[in-house]
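The data block below is model.cif; it holds mmCIF, C-alpha atoms and all ligand atoms.
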data_target
loop_
_atom_site.label_atom_id
_atom_site.label_comp_id
_atom_site.auth_asym_id
_atom_site.auth_seq_id
_atom_site.Cartn_x
_atom_site.Cartn_y
_atom_site.Cartn_z
CA MET A 107 0.00 0.00 0.00
CA ILE A 108 1.14 3.53 -0.79
CA ASN A 109 -0.96 6.47 0.49
CA ASP A 110 -3.63 3.96 1.55
CA LYS A 111 -4.02 2.78 -2.01
CA LYS A 112 -3.22 -0.54 -3.59
CA VAL A 113 -0.30 -0.45 -6.00
CA LEU A 114 -0.54 -1.05 -9.74
CA PHE A 115 2.35 -1.66 -12.10
CA SER A 116 2.38 -1.97 -15.86
CA GLY A 117 4.66 -1.25 -18.75
CA MET A 118 4.98 -1.22 -22.50
CA GLN A 119 7.90 -1.65 -24.82
CA ALA A 120 8.87 1.20 -27.09
CA THR A 121 9.26 -1.04 -30.09
CA GLY A 122 7.22 -0.39 -33.22
CA ASN A 123 4.39 2.08 -33.60
CA LEU A 124 1.57 1.68 -31.13
CA THR A 125 -1.71 0.45 -32.57
CA LEU A 126 -5.37 0.97 -31.78
CA GLY A 127 -5.15 -2.48 -30.11
CA ASN A 128 -2.52 -1.20 -27.67
CA TYR A 129 -4.68 1.82 -26.92
CA LEU A 130 -8.07 0.13 -26.49
CA GLY A 131 -6.63 -3.00 -24.87
CA ALA A 132 -4.10 -1.39 -22.56
CA LEU A 133 -3.60 2.38 -22.34
CA LYS A 134 -7.31 3.26 -22.11
CA ASN A 135 -7.77 0.82 -19.22
CA TRP A 136 -4.74 2.26 -17.47
CA VAL A 137 -6.39 5.67 -17.43
CA THR A 138 -9.56 4.25 -15.88
CA LEU A 139 -7.56 2.50 -13.17
CA SER A 140 -5.40 5.46 -12.31
CA ASP A 141 -7.80 6.95 -9.74
CA GLU A 142 -8.27 3.79 -7.78
CA TYR A 143 -4.62 2.69 -7.50
CA GLU A 144 -1.20 4.15 -6.83
CA CYS A 145 0.16 3.56 -10.32
CA PHE A 146 3.58 2.98 -11.83
CA TYR A 147 3.60 3.02 -15.62
CA SER A 148 6.99 2.32 -17.07
CA VAL A 149 8.46 2.60 -20.54
CA VAL A 150 10.35 -0.68 -20.37
CA ASP A 151 13.36 0.20 -22.50
CA MET A 152 15.58 -2.42 -20.86
CA HIS A 153 13.27 -5.11 -22.20
CA SER A 154 13.56 -3.62 -25.68
CA ILE A 155 17.24 -4.43 -26.10
CA THR A 156 16.56 -8.17 -25.91
CA VAL A 157 16.19 -7.74 -29.68
CA ARG A 158 18.58 -5.49 -31.62
CA GLN A 159 17.62 -1.83 -31.70
CA ASN A 160 18.88 1.24 -33.47
CA PRO A 161 19.98 3.41 -30.49
CA ALA A 162 18.74 6.76 -31.84
CA GLU A 163 15.46 5.17 -32.87
CA LEU A 164 14.95 3.52 -29.45
CA ARG A 165 15.58 6.82 -27.65
CA LYS A 166 13.08 8.57 -29.91
CA ARG A 167 10.40 5.91 -29.54
CA ALA A 168 10.86 5.72 -25.78
CA ARG A 169 10.21 9.45 -25.46
CA ALA A 170 7.26 9.24 -27.84
CA LEU A 171 5.75 6.45 -25.74
CA LEU A 172 6.20 8.35 -22.51
CA THR A 173 4.55 11.38 -24.12
CA LEU A 174 1.71 9.19 -25.32
CA TYR A 175 1.07 7.92 -21.78
CA ILE A 176 0.49 11.52 -20.72
CA ALA A 177 -1.52 12.41 -23.84
CA ALA A 178 -3.79 9.42 -23.22
CA GLY A 179 -4.78 10.96 -19.89
CA LEU A 180 -2.33 9.65 -17.31
CA ASP A 181 -1.56 12.57 -15.04
CA PRO A 182 2.18 12.42 -14.26
CA GLU A 183 1.57 14.16 -10.93
CA LYS A 184 -0.57 11.23 -9.81
CA ASN A 185 0.93 8.37 -11.82
CA CYS A 186 4.59 7.53 -11.80
CA ILE A 187 5.49 7.59 -15.50
CA TYR A 188 9.16 6.79 -16.02
CA TYR A 189 11.86 4.98 -17.98
CA GLN A 190 12.78 1.58 -16.58
CA SER A 191 16.47 2.23 -17.38
CA HIS A 192 16.49 5.28 -15.07
CA VAL A 193 15.89 3.13 -12.00
CA SER A 194 18.85 0.80 -11.47
CA GLY A 195 16.87 -1.26 -8.95
CA HIS A 196 15.17 -3.11 -11.82
CA ALA A 197 18.46 -4.64 -12.94
CA GLU A 198 19.65 -5.24 -9.38
CA LEU A 199 16.51 -7.08 -8.33
CA ALA A 200 16.41 -8.98 -11.63
CA TRP A 201 19.84 -10.42 -10.84
CA ILE A 202 18.73 -11.64 -7.44
CA LEU A 203 15.50 -13.10 -8.83
CA ASN A 204 17.49 -14.87 -11.56
CA CYS A 205 18.94 -16.94 -8.76
CA PHE A 206 15.42 -17.96 -7.70
CA THR A 207 14.14 -18.90 -11.15
CA TYR A 208 14.70 -22.27 -12.80
CA MET A 209 15.90 -22.90 -16.33
CA GLY A 210 12.97 -25.29 -16.77
CA GLU A 211 10.49 -22.54 -15.97
CA LEU A 212 12.01 -20.12 -18.47
CA ASN A 213 12.22 -22.86 -21.09
CA ARG A 214 8.45 -23.19 -20.97
CA MET A 215 7.73 -19.53 -21.80
CA THR A 216 5.90 -19.35 -25.13
CA GLN A 217 6.99 -15.75 -25.84
CA PHE A 218 10.63 -16.87 -25.57
CA LYS A 219 10.01 -19.72 -27.99
CA ASP A 220 8.26 -17.37 -30.45
CA LYS A 221 10.91 -14.67 -30.25
CA ALA A 222 13.78 -17.16 -30.43
CA ALA A 223 12.28 -18.56 -33.63
CA LYS A 224 11.87 -15.04 -35.03
CA HIS A 225 15.40 -13.89 -34.10
CA ALA A 226 17.33 -17.13 -34.62
CA ASP A 227 20.59 -15.21 -35.13
CA ASN A 228 20.36 -13.51 -31.72
CA ILE A 229 19.02 -15.84 -29.04
CA ASN A 230 20.71 -13.99 -26.20
CA ALA A 231 20.54 -14.66 -22.46
CA GLY A 232 18.49 -11.46 -21.98
CA LEU A 233 15.76 -12.81 -24.21
CA PHE A 234 15.73 -15.95 -22.07
CA THR A 235 15.57 -14.12 -18.74
CA TYR A 236 13.16 -11.42 -20.03
CA PRO A 237 10.37 -12.73 -17.71
CA VAL A 238 12.65 -12.36 -14.67
CA LEU A 239 13.22 -8.68 -15.44
CA MET A 240 9.46 -8.35 -15.78
CA ALA A 241 9.02 -10.03 -12.37
CA ALA A 242 11.54 -7.57 -10.93
CA ASP A 243 9.56 -4.63 -12.41
CA ILE A 244 6.43 -5.76 -10.65
CA LEU A 245 7.84 -6.98 -7.33
CA LEU A 246 10.09 -3.95 -6.87
CA TYR A 247 7.01 -1.77 -6.26
CA GLN A 248 5.11 -4.41 -4.26
CA ALA A 249 2.37 -4.21 -6.89
CA ASP A 250 -1.03 -5.68 -6.04
CA VAL A 251 -2.40 -5.59 -9.57
CA VAL A 252 -0.88 -5.74 -13.02
CA PRO A 253 -3.04 -4.91 -16.03
CA VAL A 254 -1.79 -7.03 -18.91
CA GLY A 255 -3.06 -8.65 -22.06
CA ILE A 256 -3.80 -12.35 -22.11
CA ASP A 257 -0.48 -12.93 -23.91
CA GLN A 258 1.39 -11.84 -20.76
CA MET A 259 -0.47 -14.12 -18.34
CA GLN A 260 2.25 -16.77 -18.43
CA HIS A 261 4.84 -14.18 -17.37
CA LEU A 262 2.59 -13.00 -14.58
CA GLU A 263 2.09 -16.55 -13.31
CA LEU A 264 5.86 -16.93 -13.22
CA THR A 265 6.17 -13.65 -11.29
CA ARG A 266 3.75 -14.99 -8.70
CA ASP A 267 5.67 -18.28 -8.44
CA ILE A 268 8.96 -16.44 -7.91
CA ALA A 269 7.40 -14.17 -5.27
CA ILE A 270 5.86 -17.10 -3.40
CA ARG A 271 9.12 -19.08 -3.57
CA PHE A 272 11.09 -16.14 -2.19
CA ASN A 273 8.53 -15.47 0.55
CA ASN A 274 8.58 -19.14 1.59
CA ILE A 275 12.31 -18.91 2.23
CA TYR A 276 12.64 -15.41 3.69
CA GLY A 277 9.23 -14.47 5.11
CA ASP A 278 6.74 -12.00 3.66
CA VAL A 279 8.98 -9.87 1.49
CA PHE A 280 6.97 -9.51 -1.72
CA THR A 281 3.31 -8.76 -2.39
CA VAL A 282 2.02 -11.53 -4.67
CA PRO A 283 0.44 -9.67 -7.62
CA GLU A 284 -2.84 -10.38 -9.39
CA ALA A 285 -3.42 -9.92 -13.11
CA TYR A 286 -6.03 -7.46 -14.27
CA ILE A 287 -7.48 -8.25 -17.67
CA GLY A 288 -9.70 -5.48 -19.06
CA LYS A 289 -12.98 -6.41 -20.70
CA VAL A 290 -13.62 -3.71 -23.28
CA GLY A 291 -11.22 -3.91 -26.22
CA ALA A 292 -9.51 -6.92 -24.64
CA LYS A 293 -8.48 -8.19 -28.04
CA ILE A 294 -8.65 -6.09 -31.18
CA MET A 295 -7.97 -8.19 -34.24
CA SER A 296 -6.08 -7.47 -37.46
CA LEU A 297 -8.13 -5.63 -40.10
CA GLN A 298 -6.71 -7.88 -42.79
CA ASP A 299 -6.94 -11.22 -40.96
CA PRO A 300 -9.46 -11.21 -38.11
CA ALA A 301 -8.05 -14.50 -36.83
CA LYS A 302 -4.82 -12.70 -35.80
CA LYS A 303 -4.52 -9.99 -33.17
CA MET A 304 -3.78 -6.45 -34.31
CA SER A 305 -0.07 -6.14 -33.63
CA LYS A 306 2.52 -3.42 -33.99
CA SER A 307 4.95 -5.88 -35.54
CA ASP A 308 2.61 -6.91 -38.39
CA GLU A 309 4.37 -6.40 -41.73
CA ASN A 310 1.15 -5.37 -43.47
CA PRO A 311 0.47 -1.71 -42.56
CA ASN A 312 -3.19 -2.10 -43.56
CA ALA A 313 -3.68 -4.70 -40.85
CA SER A 314 -3.28 -2.18 -38.03
CA ILE A 315 -4.47 1.32 -37.28
CA TYR A 316 -1.51 3.19 -35.79
CA LEU A 317 -2.23 5.75 -33.13
CA MET A 318 -0.59 8.50 -35.18
CA ASP A 319 -2.29 7.61 -38.51
CA ASP A 320 -3.98 10.61 -40.15
CA THR A 321 -7.73 10.80 -40.72
CA ASP A 322 -7.65 9.70 -44.37
CA THR A 323 -5.47 6.71 -43.58
CA ILE A 324 -7.77 5.61 -40.75
CA LEU A 325 -10.88 5.90 -42.92
CA ARG A 326 -9.18 4.05 -45.78
CA LYS A 327 -7.95 1.21 -43.56
CA CYS A 328 -11.44 0.73 -42.10
CA LYS A 329 -12.99 0.76 -45.57
CA ARG A 330 -10.55 -1.96 -46.68
CA ALA A 331 -11.07 -4.15 -43.61
CA VAL A 332 -11.67 -7.79 -44.51
CA THR A 333 -15.25 -8.87 -43.79
CA ASP A 334 -17.50 -11.52 -45.41
CA SER A 335 -20.21 -11.89 -48.02
CA LEU A 336 -23.14 -12.44 -45.65
CA GLY A 337 -24.11 -8.78 -45.80
CA GLU A 338 -25.57 -8.65 -42.32
CA ILE A 339 -24.23 -6.86 -39.26
CA ARG A 340 -24.31 -9.45 -36.50
CA TYR A 341 -22.06 -10.07 -33.51
CA CYS A 342 -21.09 -13.70 -33.94
CA GLU A 343 -18.19 -16.13 -34.32
CA GLU A 344 -19.01 -16.82 -37.97
CA GLN A 345 -18.38 -13.18 -38.89
CA PRO A 346 -15.03 -12.42 -37.22
CA GLY A 347 -14.30 -9.37 -39.40
CA ILE A 348 -17.63 -7.70 -38.65
CA ARG A 349 -17.39 -8.75 -35.01
CA ASN A 350 -14.02 -7.03 -34.75
CA LEU A 351 -15.38 -3.84 -36.32
CA ILE A 352 -18.29 -3.93 -33.85
CA ASP A 353 -15.76 -4.28 -31.01
CA ILE A 354 -13.77 -1.32 -32.32
CA TYR A 355 -16.85 0.85 -32.80
CA SER A 356 -18.20 -0.09 -29.36
CA ALA A 357 -14.89 0.54 -27.60
CA CYS A 358 -14.56 3.94 -29.30
CA THR A 359 -18.12 5.09 -28.60
CA GLY A 360 -18.60 3.47 -25.20
CA LYS A 361 -21.62 1.50 -26.46
CA ALA A 362 -22.27 -2.18 -25.83
CA PRO A 363 -21.79 -4.47 -28.88
CA GLN A 364 -25.52 -5.30 -28.93
CA GLU A 365 -26.39 -1.60 -29.01
CA THR A 366 -24.08 -1.19 -32.00
CA VAL A 367 -25.75 -4.11 -33.77
CA LYS A 368 -29.16 -2.46 -33.24
CA GLU A 369 -27.90 0.89 -34.47
CA PHE A 370 -26.73 -0.58 -37.77
CA GLU A 371 -29.54 -3.08 -38.31
CA GLY A 372 -30.40 -3.34 -42.00
CA ARG A 373 -27.55 -1.06 -43.10
CA GLY A 374 -24.75 -1.97 -45.50
CA TYR A 375 -21.11 -2.80 -44.72
CA GLY A 376 -19.89 0.32 -46.57
CA GLU A 377 -21.89 2.61 -44.33
CA PHE A 378 -20.87 0.71 -41.20
CA LYS A 379 -17.18 0.81 -42.09
CA GLN A 380 -17.38 4.56 -42.63
CA ALA A 381 -18.97 4.95 -39.17
CA VAL A 382 -16.28 2.77 -37.59
CA GLY A 383 -13.58 4.91 -39.23
CA GLU A 384 -15.20 8.09 -37.95
CA ALA A 385 -15.54 6.68 -34.44
CA VAL A 386 -11.82 5.81 -34.44
CA VAL A 387 -10.92 9.28 -35.70
CA SER A 388 -13.04 10.86 -32.96
CA VAL A 389 -10.88 9.06 -30.39
CA LEU A 390 -7.47 9.33 -32.04
CA LYS A 391 -7.59 12.91 -33.36
CA PRO A 392 -7.79 14.52 -29.88
CA LEU A 393 -5.09 12.13 -28.68
CA GLN A 394 -2.81 13.16 -31.56
CA ASP A 395 -3.48 16.85 -30.88
CA ARG A 396 -2.44 16.37 -27.25
CA VAL A 397 0.72 14.54 -28.33
CA HIS A 398 1.69 17.42 -30.64
CA GLN A 399 0.96 19.95 -27.92
CA LEU A 400 3.08 18.08 -25.37
CA GLU A 401 5.95 17.57 -27.80
CA LYS A 402 6.36 21.32 -27.99
CA ASP A 403 6.92 21.56 -24.25
CA LYS A 404 10.32 19.93 -23.92
CA ALA A 405 11.01 21.34 -20.46
CA TYR A 406 7.76 19.93 -19.10
CA ILE A 407 8.40 16.42 -20.40
CA ASP A 408 11.98 16.60 -19.09
CA SER A 409 10.72 17.53 -15.64
CA VAL A 410 8.26 14.62 -15.65
CA ILE A 411 11.09 12.27 -16.61
CA LYS A 412 13.32 13.52 -13.82
CA ASN A 413 10.76 13.78 -11.03
CA ASN A 414 9.17 10.44 -11.69
CA ALA A 415 12.51 8.62 -11.97
CA ASP A 416 13.31 9.99 -8.50
CA LYS A 417 9.93 8.92 -7.16
CA ALA A 418 10.23 5.40 -8.65
CA SER A 419 13.81 5.08 -7.33
CA TYR A 420 12.63 5.92 -3.84
CA PHE A 421 10.05 3.12 -3.73
CA ALA A 422 12.31 0.69 -5.61
CA GLY A 423 15.13 1.36 -3.14
CA LYS A 424 12.94 0.44 -0.17
CA THR A 425 12.18 -3.03 -1.55
CA LEU A 426 15.68 -3.57 -2.85
CA ARG A 427 17.35 -2.86 0.51
CA LYS A 428 14.99 -5.28 2.23
CA VAL A 429 15.71 -8.01 -0.33
CA GLN A 430 19.49 -7.45 -0.21
CA LYS A 431 19.43 -7.83 3.56
CA LYS A 432 17.32 -10.99 3.40
CA VAL A 433 19.64 -12.75 0.98
CA GLY A 434 22.68 -11.87 3.09
CA PHE A 435 24.40 -8.97 1.37
CA PRO A 436 26.47 -6.94 3.84
CA GLU A 437 24.91 -3.67 4.90
CA ARG A 438 26.35 -0.53 3.35
CA ILE A 439 28.24 1.82 5.59
CA ARG A 440 26.90 5.33 5.11
CA GLY A 441 27.99 8.75 6.22
P1 LIG B 1 4.31 -6.94 -30.69
O1 LIG B 1 3.65 -6.99 -32.02
O2 LIG B 1 5.66 -6.27 -30.71
O3 LIG B 1 4.27 -8.23 -29.93
P2 LIG B 1 1.97 -5.86 -29.50
O4 LIG B 1 1.29 -4.89 -30.39
O5 LIG B 1 1.42 -7.22 -29.41
O6 LIG B 1 3.49 -5.91 -29.85
P3 LIG B 1 2.75 -5.48 -26.74
O7 LIG B 1 3.91 -4.55 -26.57
O8 LIG B 1 3.00 -6.95 -26.59
O9 LIG B 1 2.00 -5.17 -28.09
O10 LIG B 1 1.63 -5.09 -25.73
C1 LIG B 1 1.43 -3.88 -25.08
C2 LIG B 1 0.07 -3.95 -24.43
O11 LIG B 1 -0.98 -3.81 -25.42
C3 LIG B 1 -0.20 -5.28 -23.71
O12 LIG B 1 -0.87 -5.02 -22.49
C4 LIG B 1 -1.08 -6.02 -24.68
O13 LIG B 1 -1.89 -6.96 -24.05
C5 LIG B 1 -1.88 -4.89 -25.34
N1 LIG B 1 -2.28 -5.25 -26.70
C6 LIG B 1 -1.45 -5.47 -27.73
N2 LIG B 1 -2.15 -5.77 -28.85
C7 LIG B 1 -3.45 -5.76 -28.51
C8 LIG B 1 -4.68 -6.02 -29.23
N3 LIG B 1 -4.67 -6.31 -30.51
N4 LIG B 1 -5.85 -5.89 -28.58
C9 LIG B 1 -5.86 -5.57 -27.27
N5 LIG B 1 -4.76 -5.33 -26.53
C10 LIG B 1 -3.56 -5.43 -27.13
N1 LIG B 2 6.30 -7.88 -21.33
C1 LIG B 2 5.30 -6.85 -21.45
C2 LIG B 2 5.83 -5.50 -21.07
C3 LIG B 2 6.23 -5.47 -19.64
C4 LIG B 2 5.34 -5.46 -18.52
C5 LIG B 2 6.16 -5.43 -17.38
C6 LIG B 2 3.95 -5.49 -18.41
C7 LIG B 2 7.50 -5.45 -19.13
N2 LIG B 2 7.45 -5.41 -17.78
C8 LIG B 2 5.61 -5.45 -16.08
C9 LIG B 2 3.41 -5.50 -17.12
C10 LIG B 2 4.23 -5.49 -15.99
C11 LIG B 2 4.80 -6.80 -22.90
O1 LIG B 2 5.54 -7.15 -23.78
N3 LIG B 2 3.59 -6.37 -23.10
#
Could I get this file's structure written as structure tokens?
Amino acid sequence: MINDKKVLFSGMQATGNLTLGNYLGALKNWVTLSDEYECFYSVVDMHSITVRQNPAELRKRARALLTLYIAAGLDPEKNCIYYQSHVSGHAELAWILNCFTYMGELNRMTQFKDKAAKHADNINAGLFTYPVLMAADILLYQADVVPVGIDQMQHLELTRDIAIRFNNIYGDVFTVPEAYIGKVGAKIMSLQDPAKKMSKSDENPNASIYLMDDTDTILRKCKRAVTDSLGEIRYCEEQPGIRNLIDIYSACTGKAPQETVKEFEGRGYGEFKQAVGEAVVSVLKPLQDRVHQLEKDKAYIDSVIKNNADKASYFAGKTLRKVQKKVGFPERIRG
């Protein structure tokens, strides 16, 4: 608990351009949760280097992501928005937790298997221990809840196992975190293949709506979305393309899927796709305007980066010192 509130931790990697899926499935939920919890939202740049990055590009994307957190409505006075690499405690705790994690556990991680297959020329130890760094992120702040997509559940289960294992040896050191899976927009699918999730690493740019796409591009991508030949707007498994568009429209307008179905009863796909595009624009345009506004204020963003890194370091340091003592590291002599 911090300030009588439960603690929430989440993070995103600054790799690729963020999609509507990232916004509706993650960022938007974060904003809703930010009143109820004491929140830490990190730009997890240390995770990013598990695959090769262009340094200038990574720096640029990391700043853009941090700016986007604020533009999406996370108040940096209330939420700790910071770069993971600015708080050395993440790496320090990750090392200790590495010694409490088994090779067999890490070998079972499906994300590792996927990424190792994708980057066969660079299967580095960091990629293998990626979930341990993620566990360190979460446990360092004694987080109670962690909003994540379903794809990250396996990593969260591992985090819980590591925390419980550590607590069993040393007493109650870590809070054992729970996952929080949002309902609305939980899984936005690709516009070109509704069997696949919309993903920022998709090679086909028409498959995803990027958060910084302009109005014409958004409308065009929605118009070209793959649907079916049934010609009826229904929310069902047999029409995954239409179902996905209903999900997008509903998430953008705040309506329930059934309400959306009623609204478009008897109308054609062309008209519906246009409405979906407009609903997306009505959400993304103000977000983009805020991003551009914030980008102009370099000093403000710099102050957020500094102040929040200090705040995160303070809380991280508390846990880290406790853990170091428990495992038997000699106390530092100060003064
Ligand atoms: P990549 O393609 O690089 O794997 P990604 O687009 O899948 O990236 P992540 O960085 O893995 O995104 O995820 C960031 C957050 O956004 C996670 O909480 C994840 O669950 C959520 N998210 C990603 N894609 C979607 C989607 N299509 N629908 C809903 N939520 C999503
Ligand atoms: N692995 C996550 C990003 C991530 C994260 C975290 C999410 C790193 N550390 C801690 C929640 C909590 C991803 O790829 N989406």
Leu174 of chain A environment, 10 Å, all atoms listed in the file, sequence neighbours closer than 3 positions dropped, as a VMD selection string
chain A and resid 124 129 133 168 to 171 177 to 180 317 393 to 394 396 to 398 400 to 401
Exercise answer, 7 Å around ligand LIG 1 (chain B) with all atoms listed in the file, as a PyMOL selection string
chain A and resi 118-119+121-122+124-125+127-132+253-258+291-295+303-308
Shortest interatomic distance to Ile202 of chain A - which of A:Leu245, A:Ile411, A:Leu264, A:Ala120, counting all atoms listed in the file:
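Of all the options, A:Leu245 lies closest to Ile202 of chain A.
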Atom pair atom CA of His261 of chain A / atom CA of Phe115 of chain A: separation (Å)
13.8 Å
Residues of chain A at most 9 Å from ligand LIG 2 (chain B): nearest atom pair and distance in Å, all atoms listed in the file, as JSON lines:
{"residue": "A:Phe115", "atom": "CA", "partner": "B:LIG2", "partner_atom": "C10", "distance": 5.8}
{"residue": "A:Ser116", "atom": "CA", "partner": "B:LIG2", "partner_atom": "C9", "distance": 3.9}
{"residue": "A:Gly117", "atom": "CA", "partner": "B:LIG2", "partner_atom": "C4", "distance": 4.3}
{"residue": "A:Met118", "atom": "CA", "partner": "B:LIG2", "partner_atom": "C2", "distance": 4.6}
{"residue": "A:Gln119", "atom": "CA", "partner": "B:LIG2", "partner_atom": "C2", "distance": 5.8}
{"residue": "A:Tyr147", "atom": "CA", "partner": "B:LIG2", "partner_atom": "C10", "distance": 8.5}
{"residue": "A:Ser148", "atom": "CA", "partner": "B:LIG2", "partner_atom": "N2", "distance": 7.8}
{"residue": "A:Val149", "atom": "CA", "partner": "B:LIG2", "partner_atom": "C7", "distance": 8.2}
{"residue": "A:Val150", "atom": "CA", "partner": "B:LIG2", "partner_atom": "C7", "distance": 5.7}
{"residue": "A:Asp151", "atom": "CA", "partner": "B:LIG2", "partner_atom": "C7", "distance": 8.8}
{"residue": "A:Met152", "atom": "CA", "partner": "B:LIG2", "partner_atom": "C7", "distance": 8.8}
{"residue": "A:His153", "atom": "CA", "partner": "B:LIG2", "partner_atom": "C7", "distance": 6.5}
{"residue": "A:Ser154", "atom": "CA", "partner": "B:LIG2", "partner_atom": "O1", "distance": 9.0}
{"residue": "A:Gln190", "atom": "CA", "partner": "B:LIG2", "partner_atom": "N2", "distance": 8.9}
{"residue": "A:Gln217", "atom": "CA", "partner": "B:LIG2", "partner_atom": "O1", "distance": 9.0}
{"residue": "A:Tyr236", "atom": "CA", "partner": "B:LIG2", "partner_atom": "N1", "distance": 7.8}
{"residue": "A:Pro237", "atom": "CA", "partner": "B:LIG2", "partner_atom": "N1", "distance": 7.3}
{"residue": "A:Leu239", "atom": "CA", "partner": "B:LIG2", "partner_atom": "N2", "distance": 7.0}
{"residue": "A:Met240", "atom": "CA", "partner": "B:LIG2", "partner_atom": "N2", "distance": 4.1}
{"residue": "A:Ala241", "atom": "CA", "partner": "B:LIG2", "partner_atom": "C8", "distance": 6.8}
{"residue": "A:Ala242", "atom": "CA", "partner": "B:LIG2", "partner_atom": "C8", "distance": 8.1}
{"residue": "A:Asp243", "atom": "CA", "partner": "B:LIG2", "partner_atom": "C8", "distance": 5.5}
{"residue": "A:Ile244", "atom": "CA", "partner": "B:LIG2", "partner_atom": "C8", "distance": 5.5}
{"residue": "A:Val252", "atom": "CA", "partner": "B:LIG2", "partner_atom": "C10", "distance": 5.9}
{"residue": "A:Pro253", "atom": "CA", "partner": "B:LIG2", "partner_atom": "C9", "distance": 6.6}
{"residue": "A:Val254", "atom": "CA", "partner": "B:LIG2", "partner_atom": "C9", "distance": 5.7}
{"residue": "A:Gly255", "atom": "CA", "partner": "B:LIG2", "partner_atom": "N3", "distance": 7.1}
{"residue": "A:Asp257", "atom": "CA", "partner": "B:LIG2", "partner_atom": "N3", "distance": 7.8}
{"residue": "A:Gln258", "atom": "CA", "partner": "B:LIG2", "partner_atom": "N1", "distance": 6.3}
{"residue": "A:His261", "atom": "CA", "partner": "B:LIG2", "partner_atom": "N1", "distance": 7.6}
{"residue": "A:Leu262", "atom": "CA", "partner": "B:LIG2", "partner_atom": "C10", "distance": 7.8}
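Counting only C-alpha atoms and comparing A:Leu172, A:Leu246, A:Phe370, A:Leu139, the residue that lies closest to His196 of chain A is A:Leu246.
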